[in-house]
>>> print(open('protein_30.txt').read())   # compact mmCIF, C-alpha atoms and all ligand atoms
# COMPACT_ATOMS: atom_id res chain seq x y z
CA MET A 20 1.48 24.86 29.59
CA GLY A 21 4.96 23.93 28.29
CA SER A 22 6.27 20.43 27.66
CA ARG A 23 8.86 18.83 29.91
CA PHE A 24 10.40 17.51 26.69
CA ASP A 25 11.96 19.82 24.13
CA GLU A 26 11.05 17.72 21.13
CA MET A 27 8.47 15.22 19.97
CA ARG A 28 8.97 12.33 17.57
CA ILE A 29 6.31 10.11 15.98
CA PHE A 30 7.23 6.69 14.60
CA SER A 31 5.06 4.04 13.01
CA GLY A 32 5.13 0.33 12.37
CA ASN A 33 3.34 -1.14 9.36
CA GLY A 34 0.00 -1.39 11.20
CA ASN A 35 -1.59 1.74 9.72
CA ILE A 36 0.90 3.98 7.93
CA PRO A 37 -1.73 6.25 6.27
CA LEU A 38 -3.17 7.07 9.70
CA ALA A 39 0.31 7.70 11.16
CA GLN A 40 1.08 10.07 8.28
CA ALA A 41 -2.24 11.88 8.75
CA ILE A 42 -1.51 12.28 12.48
CA CYS A 43 1.92 13.71 11.67
CA GLU A 44 0.36 16.21 9.25
CA ARG A 45 -2.10 17.26 11.95
CA VAL A 46 0.66 17.63 14.56
CA GLY A 47 3.06 19.28 12.11
CA VAL A 48 6.01 16.91 12.48
CA PRO A 49 7.50 14.54 9.90
CA LEU A 50 6.99 10.81 10.39
CA GLY A 51 10.12 9.40 12.08
CA ASP A 52 12.56 7.59 9.83
CA THR A 53 12.84 3.85 10.48
CA THR A 54 14.11 0.73 8.75
CA ILE A 55 11.77 -2.24 9.19
CA VAL A 56 12.87 -5.53 7.63
CA LYS A 57 11.51 -9.05 7.83
CA PHE A 58 14.31 -11.49 7.12
CA ALA A 59 13.98 -14.84 5.34
CA ASN A 60 13.91 -16.56 8.73
CA GLU A 61 10.89 -14.34 9.59
CA ASN A 62 12.83 -12.39 12.25
CA ILE A 63 11.83 -8.72 12.24
CA PHE A 64 14.60 -6.11 12.45
CA ILE A 65 13.92 -2.44 13.20
CA LYS A 66 16.29 0.51 13.34
CA LEU A 67 15.41 4.10 14.25
CA ASN A 68 17.33 6.24 11.78
CA GLU A 69 17.35 9.30 14.01
CA SER A 70 18.11 10.08 17.64
CA VAL A 71 15.34 9.89 20.23
CA ARG A 72 17.54 10.62 23.26
CA GLU A 73 15.49 12.45 25.93
CA LYS A 74 12.69 13.06 23.38
CA ASP A 75 8.93 12.61 23.76
CA VAL A 76 8.31 9.62 21.49
CA PHE A 77 4.96 8.38 20.17
CA VAL A 78 4.89 4.96 18.52
CA VAL A 79 1.77 4.54 16.36
CA GLN A 80 0.81 0.96 15.61
CA SER A 81 -2.63 -0.40 14.90
CA LEU A 82 -2.83 -4.12 15.63
CA SER A 83 -4.27 -4.90 12.24
CA THR A 84 -4.64 -7.86 9.91
CA PRO A 85 -3.24 -9.37 7.78
CA ASN A 86 -0.14 -10.55 9.67
CA LEU A 87 -1.43 -9.48 13.08
CA SER A 88 1.38 -11.28 14.92
CA ASP A 89 3.96 -9.31 12.90
CA ARG A 90 2.17 -6.08 13.79
CA ILE A 91 2.34 -6.97 17.49
CA LEU A 92 6.03 -7.79 17.27
CA GLU A 93 6.75 -4.58 15.34
CA LEU A 94 5.12 -2.60 18.14
CA LEU A 95 7.14 -4.40 20.83
CA ILE A 96 10.40 -4.10 18.89
CA LEU A 97 9.82 -0.39 18.18
CA LEU A 98 9.16 0.24 21.88
CA ASP A 99 12.31 -1.69 22.82
CA ALA A 100 14.37 0.25 20.26
CA CYS A 101 13.10 3.56 21.71
CA LYS A 102 13.85 2.42 25.27
CA ARG A 103 17.38 1.31 24.40
CA ALA A 104 17.98 4.57 22.53
CA SER A 105 17.25 6.53 25.75
CA ALA A 106 13.93 8.09 24.75
CA GLY A 107 12.70 10.46 27.45
CA ARG A 108 9.11 9.19 27.39
CA ILE A 109 7.48 6.55 25.19
CA THR A 110 3.76 6.52 24.40
CA ALA A 111 2.33 3.51 22.57
CA VAL A 112 -0.47 4.80 20.33
CA ILE A 113 -2.64 1.77 19.52
CA PRO A 114 -5.74 2.90 17.58
CA TYR A 115 -7.07 -0.69 17.53
CA TYR A 116 -6.15 -3.03 20.39
CA ALA A 117 -6.32 -6.65 19.18
CA TYR A 118 -7.25 -9.65 21.34
CA GLY A 119 -9.82 -7.43 23.09
CA ARG A 120 -12.32 -10.29 23.09
CA THR A 121 -9.92 -12.55 25.04
CA ASP A 122 -10.27 -10.49 28.20
CA LYS A 123 -11.42 -13.03 30.78
CA LYS A 124 -11.07 -16.67 31.77
CA ASP A 125 -14.62 -17.68 30.89
CA GLN A 126 -13.92 -21.40 30.46
CA PRO A 127 -11.29 -23.77 31.84
CA ARG A 128 -7.71 -23.71 30.55
CA VAL A 129 -7.98 -20.57 28.39
CA PRO A 130 -5.61 -17.57 28.43
CA ILE A 131 -6.33 -13.89 29.00
CA THR A 132 -4.46 -12.75 25.94
CA ALA A 133 -5.51 -9.09 26.22
CA ARG A 134 -3.66 -9.06 29.58
CA LEU A 135 -0.64 -10.89 28.16
CA LEU A 136 -0.42 -8.27 25.43
CA ALA A 137 -0.58 -5.48 28.02
CA ASP A 138 2.26 -7.10 29.98
CA MET A 139 4.41 -7.34 26.85
CA ILE A 140 3.78 -3.70 25.88
CA GLN A 141 4.86 -2.55 29.33
CA ALA A 142 7.89 -4.86 29.42
CA ALA A 143 8.96 -3.55 26.00
CA GLY A 144 9.23 -0.01 27.38
CA ALA A 145 5.96 1.93 27.02
CA HIS A 146 5.48 4.57 29.71
CA GLN A 147 1.87 5.17 28.72
CA VAL A 148 -0.72 3.98 26.21
CA LEU A 149 -3.19 5.83 24.03
CA THR A 150 -5.97 3.82 22.41
CA ILE A 151 -9.48 4.15 20.99
CA ASP A 152 -12.68 2.34 22.04
CA LEU A 153 -11.50 -0.90 23.61
CA HIS A 154 -13.80 -3.87 23.13
CA ALA A 155 -14.01 -4.07 26.93
CA GLY A 156 -13.19 -1.04 29.09
CA GLN A 157 -11.71 -3.22 31.84
CA ILE A 158 -8.67 -3.84 29.60
CA GLN A 159 -7.51 -0.43 30.88
CA GLY A 160 -6.88 -2.15 34.21
CA PHE A 161 -4.54 -4.69 32.59
CA PHE A 162 -1.99 -1.88 32.43
CA SER A 163 -0.22 -0.48 35.48
CA ILE A 164 1.01 2.49 33.42
CA PRO A 165 -1.27 5.41 32.47
CA MET A 166 -3.73 4.65 29.68
CA ASP A 167 -5.90 7.13 27.81
CA GLU A 168 -8.83 5.42 26.12
CA LEU A 169 -10.32 7.84 23.63
CA THR A 170 -13.66 7.37 21.94
CA ALA A 171 -14.48 7.91 18.29
CA VAL A 172 -18.21 7.49 18.97
CA PRO A 173 -18.88 11.28 18.87
CA LEU A 174 -17.51 11.29 15.29
CA LEU A 175 -20.07 8.65 14.32
CA VAL A 176 -22.87 10.33 16.28
CA ARG A 177 -22.30 13.64 14.56
CA TYR A 178 -22.20 11.99 11.12
CA TRP A 179 -25.62 10.40 11.58
CA ALA A 180 -27.16 13.30 13.51
CA ASP A 181 -26.25 15.62 10.62
CA LYS A 182 -28.53 13.60 8.31
CA GLY A 183 -31.48 14.94 10.28
CA TRP A 184 -33.62 11.83 9.79
CA ASP A 185 -36.59 11.72 12.13
CA ASP A 186 -37.50 8.09 11.39
CA LEU A 187 -34.12 6.65 12.42
CA ILE A 188 -33.91 3.91 15.02
CA VAL A 189 -30.60 2.71 16.47
CA VAL A 190 -30.22 -1.07 16.72
CA ALA A 191 -27.86 -2.73 19.22
CA PRO A 192 -26.83 -6.04 17.59
CA ASP A 193 -26.65 -7.92 20.88
CA VAL A 194 -27.64 -7.52 24.52
CA GLY A 195 -23.98 -6.93 25.49
CA PHE A 196 -24.01 -3.74 23.40
CA ALA A 197 -27.35 -2.51 24.79
CA LYS A 198 -25.87 0.11 27.15
CA ARG A 199 -23.52 1.57 24.55
CA GLY A 200 -26.36 1.36 22.01
CA ARG A 201 -28.64 3.31 24.34
CA ASN A 202 -25.98 6.00 24.83
CA PHE A 203 -25.54 6.23 21.05
CA ALA A 204 -29.31 6.49 20.49
CA GLU A 205 -29.64 9.17 23.17
CA ALA A 206 -26.78 11.19 21.69
CA ILE A 207 -28.43 11.07 18.27
CA GLY A 208 -31.91 11.66 19.66
CA ALA A 209 -33.32 8.40 18.25
CA PRO A 210 -35.08 5.42 19.84
CA LEU A 211 -33.30 2.11 20.44
CA ALA A 212 -34.06 -1.49 19.46
CA ILE A 213 -32.05 -4.45 20.75
CA VAL A 214 -31.38 -7.78 19.08
CA GLU A 215 -31.03 -10.77 21.34
CA LYS A 216 -28.33 -12.88 19.72
CA ARG A 217 -26.96 -16.24 20.65
CA ARG A 218 -23.40 -16.92 19.52
CA ILE A 219 -22.86 -20.58 18.73
CA GLN A 220 -19.25 -21.63 19.27
CA GLN A 221 -17.62 -24.62 17.68
CA LEU A 222 -14.45 -25.51 19.52
CA GLY A 223 -11.82 -28.18 19.27
CA ARG A 224 -10.15 -27.56 15.93
CA ARG A 225 -6.39 -27.39 15.90
CA ASP A 226 -6.45 -24.01 14.20
CA GLY A 227 -8.57 -22.48 16.95
CA PRO A 228 -12.20 -21.79 17.68
CA LEU A 229 -14.69 -21.16 14.91
CA THR A 230 -17.69 -19.00 15.68
CA SER A 231 -20.99 -18.35 13.99
CA THR A 232 -23.87 -16.14 15.03
CA GLU A 233 -27.64 -16.40 15.00
CA ALA A 234 -30.00 -13.48 15.53
CA LEU A 235 -32.99 -14.63 17.50
CA ASN A 236 -35.26 -11.96 18.82
CA LEU A 237 -35.94 -8.25 18.36
CA ILE A 238 -36.86 -5.97 21.24
CA GLY A 239 -38.45 -2.85 19.72
CA ASP A 240 -40.49 -1.93 16.63
CA VAL A 241 -38.58 -1.22 13.42
CA THR A 242 -41.53 -1.35 11.01
CA GLY A 243 -41.13 1.27 8.27
CA LYS A 244 -38.04 2.75 9.98
CA ARG A 245 -34.53 3.56 8.88
CA CYS A 246 -32.43 1.20 11.02
CA LEU A 247 -28.86 2.00 12.05
CA ILE A 248 -27.03 -1.04 13.41
CA VAL A 249 -24.26 0.17 15.74
CA ASP A 250 -21.40 -2.03 16.99
CA ASP A 251 -17.90 -1.49 18.34
CA GLU A 252 -16.28 -3.48 15.54
CA ILE A 253 -17.13 -5.42 12.40
CA ALA A 254 -14.86 -8.43 11.89
CA THR A 255 -16.33 -11.05 9.53
CA GLY A 256 -19.57 -9.10 9.17
CA GLY A 257 -21.46 -12.19 10.33
CA SER A 258 -23.19 -10.37 13.21
CA ILE A 259 -24.32 -7.48 11.00
CA LEU A 260 -25.58 -9.89 8.33
CA GLU A 261 -27.71 -11.84 10.79
CA VAL A 262 -29.13 -8.66 12.30
CA ALA A 263 -29.84 -7.17 8.85
CA ARG A 264 -31.81 -10.28 7.87
CA LEU A 265 -33.84 -10.09 11.06
CA LEU A 266 -34.58 -6.38 10.58
CA GLU A 267 -35.71 -6.98 7.00
CA ARG A 268 -38.07 -9.72 8.20
CA GLU A 269 -39.40 -7.30 10.83
CA GLY A 270 -40.30 -4.70 8.19
CA ALA A 271 -37.40 -2.22 8.36
CA ARG A 272 -37.48 0.32 5.51
CA GLU A 273 -33.76 0.99 5.04
CA LEU A 274 -30.68 -0.53 6.66
CA TYR A 275 -27.45 1.20 7.70
CA ALA A 276 -24.54 0.14 9.92
CA CYS A 277 -21.62 1.78 11.66
CA CYS A 278 -18.81 0.89 14.02
CA VAL A 279 -15.54 2.39 15.21
CA HIS A 280 -13.23 -0.43 14.10
CA GLY A 281 -13.62 -1.85 10.58
CA VAL A 282 -11.59 -5.03 11.09
CA PHE A 283 -13.06 -6.53 7.90
CA VAL A 284 -11.68 -10.07 7.75
CA GLY A 285 -12.74 -13.21 5.90
CA GLY A 286 -14.66 -11.57 3.06
CA ALA A 287 -16.46 -9.06 5.30
CA ALA A 288 -16.48 -6.34 2.65
CA GLN A 289 -18.22 -8.62 0.12
CA ARG A 290 -20.67 -9.86 2.76
CA LEU A 291 -21.60 -6.32 3.82
CA GLN A 292 -22.24 -5.27 0.22
CA GLN A 293 -24.60 -8.18 -0.29
CA CYS A 294 -26.77 -7.79 2.78
CA GLY A 295 -28.88 -4.82 1.71
CA LEU A 296 -27.11 -2.10 3.71
CA ARG A 297 -27.42 1.31 2.07
CA GLU A 298 -24.33 2.66 3.83
CA VAL A 299 -21.69 1.38 6.24
CA VAL A 300 -19.62 3.90 8.22
CA VAL A 301 -16.35 3.04 10.00
CA THR A 302 -13.30 5.01 11.12
CA ASP A 303 -9.71 4.60 9.95
CA THR A 304 -8.36 3.04 13.16
CA LEU A 305 -7.54 0.13 10.84
CA PRO A 306 -6.21 0.36 7.28
CA LEU A 307 -8.48 -0.85 4.47
CA SER A 308 -7.12 -2.27 1.21
CA PRO A 309 -8.65 -1.14 -2.12
CA GLU A 310 -10.62 -4.43 -2.21
CA GLN A 311 -12.20 -3.53 1.12
CA HIS A 312 -13.66 -0.28 -0.24
CA TRP A 313 -16.97 0.00 -2.04
CA PRO A 314 -19.25 2.96 -2.92
CA GLY A 315 -21.48 2.36 0.12
CA LEU A 316 -18.59 2.57 2.59
CA THR A 317 -17.76 5.83 4.36
CA VAL A 318 -14.53 6.12 6.37
CA LEU A 319 -14.24 8.88 8.98
CA SER A 320 -10.72 9.75 10.12
CA VAL A 321 -9.58 9.69 13.75
CA SER A 322 -6.34 11.48 12.78
CA THR A 323 -7.54 14.89 13.97
CA LEU A 324 -8.61 13.42 17.31
CA LEU A 325 -5.35 11.50 17.80
CA GLY A 326 -3.24 14.44 16.63
CA GLU A 327 -4.97 16.82 19.02
CA VAL A 328 -4.59 14.42 21.95
CA ILE A 329 -0.92 13.72 21.15
CA GLN A 330 -0.25 17.47 21.17
CA ARG A 331 -2.06 17.81 24.49
CA ILE A 332 -0.13 14.92 26.03
CA HIS A 333 3.13 16.43 24.80
CA SER A 334 2.20 19.82 26.26
CA GLY A 335 0.81 18.44 29.52
CA ILE A 336 -2.74 19.70 28.84
CA SER A 337 -5.89 17.84 29.87
CA VAL A 338 -7.49 15.76 27.10
CA ASP A 339 -10.83 15.69 28.89
CA ALA A 340 -11.88 19.06 27.47
CA ILE A 341 -12.14 17.51 23.99
CA PHE A 342 -14.88 15.18 25.14
CA THR A 343 -16.72 17.49 27.51
CA HIS A 344 -16.95 20.08 24.71
CA ARG A 345 -18.93 17.91 22.26
CA LYS A 346 -18.54 20.28 19.34
CA HIS A 347 -14.75 20.32 19.68
CA PRO A 348 -13.20 20.42 16.18
CA ALA A 349 -11.16 17.29 17.01
CA LEU A 350 -14.43 15.37 17.05
CA GLY A 351 -15.16 16.00 13.39
C1 LIG B 401 -18.78 -8.83 19.63
O1 LIG B 401 -18.84 -8.93 20.83
C2 LIG B 401 -18.46 -7.53 18.96
O2 LIG B 401 -19.09 -6.46 19.59
C3 LIG B 401 -18.85 -7.55 17.52
O3 LIG B 401 -20.25 -7.79 17.41
C4 LIG B 401 -18.12 -8.64 16.78
O4 LIG B 401 -16.76 -8.47 16.96
C5 LIG B 401 -18.43 -8.63 15.31
O5 LIG B 401 -17.82 -9.74 14.74
P1 LIG B 401 -18.31 -10.31 13.35
O6 LIG B 401 -18.34 -9.17 12.39
O7 LIG B 401 -17.28 -11.35 12.99
O8 LIG B 401 -19.67 -10.93 13.56
>>> encode(input="protein_30.txt", output="structure tokens")
Amino acid sequence: MGSRFDEMRIFSGNGNIPLAQAICERVGVPLGDTTIVKFANENIFIKLNESVREKDVFVVQSLSTPNLSDRILELLILLDACKRASAGRITAVIPYYAYGRTDKKDQPRVPITARLLADMIQAAGAHQVLTIDLHAGQIQGFFSIPMDELTAVPLLVRYWADKGWDDLIVVAPDVGFAKRGRNFAEAIGAPLAIVEKRRIQQLGRRDGPLTSTEALNLIGDVTGKRCLIVDDEIATGGSILEVARLLEREGARELYACCVHGVFVGGAAQRLQQCGLREVVVTDTLPLSPEQHWPGLTVLSVSTLLGEVIQRIHSGISVDAIFTHRKHPALG
């Protein structure tokens, strides 16, 4: 099928430039030329140094730390620049969608920031959104424009399945992840254990809520097993650390962990290295600094998946086939 747009352009903010470049290599187009400046007054200025008039434009921006608020503004300003430059269609490619945990009003006088962010992205000019493994699937409904939520889970599944271990058990680190944990375990052909975790929240500080976690109870038998803790994201590493301690106490033989989004904040990389994990596997939806790498960390790239889907969107071809055909090359 042909595209209704003659040409495609891919631009990137500073959220994950290595991933944007890898996507461009996969698609076979150069990364769009931009000027991005942060002035002394902290205002961000962006200029597209090439025409996007009537073109099919993809704006790649992972909502990453550090300087998350700058990354959000860069995305919005890039979208606005594309809109005002008469782009034919604008797709916001957001490999990691921040504020995913602020998705409901679960106590009085709190915002739904994931919805606010969706409103801003639409107001800025996005015609559609492409993202990977939202923290909560219902965030799709915060958008009234088309959203494709891809999953990088098959990449992780294939990585672990290829090891061929018959004593592997998948561990869901909390009850909320039990369903996704079960799907992961089924896909790998391994049994599932579930950790019942209570998150203790300390509120009321001016600089926002602090959280800590406590692993309480294990459902399943991990004695003498290789345990693979699976989560959607690792932020501080606190959850993984608590679960790892519990599994060690319960007689696990070897510990491993994986997630799609390696957010890695607040000394997570150091914490993960110290908690007895033989290997941690994440994807590159978020950039990692040299200090966040260590020999036991494996990073799988989502660039092939995103590149393939961007080409399909541009050409008006279904993206579903990638996921229904589980051995599709775009899935690793
Ligand atoms: C929580 O609901 C998420 O699924 C992750 O467990 C959480 O984001 C991990 O955060 P941290 O690494 O800070 O414990």
>>> atom_distance(input="protein_30.txt", atom1="atom CA of A:Leu274", atom2="atom CA of A:Val176")
16.5 Å
>>> atom_distance(input="protein_30.txt", atom1="atom CA of A:Thr255", atom2="atom CA of A:Trp184")
28.7 Å
>>> closest_residue(input="protein_30.txt", among="A:Cys101, A:Ile96, A:Ala137, A:Ala155", to="ligand LIG 401 (chain B)", atoms="all atoms listed in the file")
A:Ala155
>>> atom_distance(input="protein_30.txt", atom1="atom CA of A:Glu273", atom2="atom CA of A:Pro173")
22.8 Å
>>> closest_residue(input="protein_30.txt", among="A:Leu175, A:Ala204, A:Ile91, A:Val190", to="A:Val301", atoms="only C-alpha atoms")
A:Leu175
>>> closest_residue(input="protein_30.txt", among="A:Ile164, A:Leu50, A:Ala106, A:Ala254", to="A:Glu73", atoms="only C-alpha atoms")
A:Ala106
>>> residues_near_ligand(input="protein_30.txt", ligand="ligand LIG 401 (chain B)", cutoff="8 Å", atoms="only C-alpha atoms and all ligand atoms", output="VMD selection string")
chain A and resid 120 154 192 to 193 195 to 196 231 to 232 250 to 260 283 to 284 287
>>> closest_residue(input="protein_30.txt", among="A:Ile42, A:Asp152, A:His333, A:Asp186", to="A:Ala209", atoms="only C-alpha atoms")
A:Asp186
>>> residues_near_point(input="protein_30.txt", point="(11.6, -3.5, 11.7)", cutoff="8 Å", atoms="only C-alpha atoms", output="list in words")
Gly32, Thr53, Thr54, Ile55, Val56, Lys57, Ile63, Phe64, Ile65, Lys66, Glu93, Ile96 and Leu97 of chain A
>>> residues_near_point(input="protein_30.txt", point="(4.0, -4.7, 17.7)", cutoff="10 Å", atoms="all atoms listed in the file", output="PDB file with C-alpha atoms, keeping the file's coordinate frame")
ATOM      1  CA  SER A  31       5.060   4.040  13.010  1.00  0.00           C
ATOM      2  CA  GLY A  32       5.130   0.330  12.370  1.00  0.00           C
ATOM      3  CA  ASN A  33       3.340  -1.140   9.360  1.00  0.00           C
ATOM      4  CA  GLY A  34       0.000  -1.390  11.200  1.00  0.00           C
ATOM      5  CA  VAL A  78       4.890   4.960  18.520  1.00  0.00           C
ATOM      6  CA  VAL A  79       1.770   4.540  16.360  1.00  0.00           C
ATOM      7  CA  GLN A  80       0.810   0.960  15.610  1.00  0.00           C
ATOM      8  CA  SER A  81      -2.630  -0.400  14.900  1.00  0.00           C
ATOM      9  CA  LEU A  82      -2.830  -4.120  15.630  1.00  0.00           C
ATOM     10  CA  SER A  83      -4.270  -4.900  12.240  1.00  0.00           C
ATOM     11  CA  LEU A  87      -1.430  -9.480  13.080  1.00  0.00           C
ATOM     12  CA  SER A  88       1.380 -11.280  14.920  1.00  0.00           C
ATOM     13  CA  ASP A  89       3.960  -9.310  12.900  1.00  0.00           C
ATOM     14  CA  ARG A  90       2.170  -6.080  13.790  1.00  0.00           C
ATOM     15  CA  ILE A  91       2.340  -6.970  17.490  1.00  0.00           C
ATOM     16  CA  LEU A  92       6.030  -7.790  17.270  1.00  0.00           C
ATOM     17  CA  GLU A  93       6.750  -4.580  15.340  1.00  0.00           C
ATOM     18  CA  LEU A  94       5.120  -2.600  18.140  1.00  0.00           C
ATOM     19  CA  LEU A  95       7.140  -4.400  20.830  1.00  0.00           C
ATOM     20  CA  ILE A  96      10.400  -4.100  18.890  1.00  0.00           C
ATOM     21  CA  LEU A  97       9.820  -0.390  18.180  1.00  0.00           C
ATOM     22  CA  LEU A  98       9.160   0.240  21.880  1.00  0.00           C
ATOM     23  CA  ALA A 111       2.330   3.510  22.570  1.00  0.00           C
ATOM     24  CA  ILE A 113      -2.640   1.770  19.520  1.00  0.00           C
ATOM     25  CA  LEU A 136      -0.420  -8.270  25.430  1.00  0.00           C
ATOM     26  CA  MET A 139       4.410  -7.340  26.850  1.00  0.00           C
ATOM     27  CA  ILE A 140       3.780  -3.700  25.880  1.00  0.00           C
ATOM     28  CA  ALA A 143       8.960  -3.550  26.000  1.00  0.00           C
TER      29      ALA A 143
END
>>> closest_residue(input="protein_30.txt", among="A:Ser308, A:Glu215, A:Thr317, A:Val112", to="A:Tyr178", atoms="only C-alpha atoms")
A:Thr317
>>> closest_residue(input="protein_30.txt", among="A:Ile36, A:Cys294, A:Ile213, A:Val189", to="A:Cys246", atoms="all atoms listed in the file")
A:Val189
>>> residues_around(input="protein_30.txt", residues="A:Ala133", least_positions_apart="4", cutoff="6 Å", atoms="only C-alpha atoms", output="ChimeraX atom specification")
/A:118-119,121-122
>>> residues_around(input="protein_30.txt", residues="A:Val194", least_positions_apart="3", cutoff="9 Å", atoms="only C-alpha atoms", output="ChimeraX atom specification")
/A:191,197-198,213-216
>>> decode(input="protein_30.txt", residues="stretch 316-329 of chain A", atoms="N, CA, C and O atoms", output="tab-separated table (two decimals), in the first residue's frame")
chain	number	residue	atom	x	y	z
A	316	LEU	N	24.33	-5.91	33.25
A	316	LEU	CA	23.15	-5.28	32.63
A	316	LEU	C	23.13	-5.57	31.14
A	316	LEU	O	24.13	-5.37	30.44
A	317	THR	N	22.00	-6.05	30.64
A	317	THR	CA	21.83	-6.27	29.20
A	317	THR	C	20.73	-5.33	28.71
A	317	THR	O	19.67	-5.24	29.33
A	318	VAL	N	21.00	-4.62	27.61
A	318	VAL	CA	20.02	-3.68	27.06
A	318	VAL	C	19.60	-4.17	25.68
A	318	VAL	O	20.44	-4.30	24.78
A	319	LEU	N	18.31	-4.48	25.52
A	319	LEU	CA	17.78	-4.90	24.23
A	319	LEU	C	17.19	-3.66	23.54
A	319	LEU	O	16.56	-2.83	24.19
A	320	SER	N	17.38	-3.56	22.24
A	320	SER	CA	16.91	-2.35	21.56
A	320	SER	C	15.50	-2.50	20.98
A	320	SER	O	15.17	-3.52	20.37
A	321	VAL	N	14.70	-1.45	21.17
A	321	VAL	CA	13.36	-1.41	20.57
A	321	VAL	C	13.40	-0.67	19.23
A	321	VAL	O	12.35	-0.41	18.64
A	322	SER	N	14.61	-0.33	18.74
A	322	SER	CA	14.68	0.49	17.52
A	322	SER	C	14.14	-0.25	16.30
A	322	SER	O	13.49	0.37	15.43
A	323	THR	N	14.38	-1.56	16.22
A	323	THR	CA	13.86	-2.32	15.07
A	323	THR	C	12.34	-2.33	15.10
A	323	THR	O	11.67	-2.12	14.08
A	324	LEU	N	11.79	-2.56	16.29
A	324	LEU	CA	10.33	-2.56	16.44
A	324	LEU	C	9.74	-1.20	16.07
A	324	LEU	O	8.81	-1.12	15.25
A	325	LEU	N	10.30	-0.13	16.64
A	325	LEU	CA	9.75	1.20	16.35
A	325	LEU	C	9.94	1.58	14.88
A	325	LEU	O	9.04	2.15	14.26
A	326	GLY	N	11.12	1.24	14.33
A	326	GLY	CA	11.36	1.55	12.92
A	326	GLY	C	10.38	0.85	12.01
A	326	GLY	O	9.83	1.45	11.08
A	327	GLU	N	10.15	-0.44	12.29
A	327	GLU	CA	9.20	-1.21	11.47
A	327	GLU	C	7.80	-0.61	11.57
A	327	GLU	O	7.10	-0.45	10.55
A	328	VAL	N	7.39	-0.25	12.78
A	328	VAL	CA	6.03	0.28	12.96
A	328	VAL	C	5.91	1.66	12.31
A	328	VAL	O	4.89	1.98	11.68
A	329	ILE	N	6.94	2.48	12.43
A	329	ILE	CA	6.90	3.81	11.78
A	329	ILE	C	6.76	3.65	10.27
A	329	ILE	O	5.97	4.34	9.62
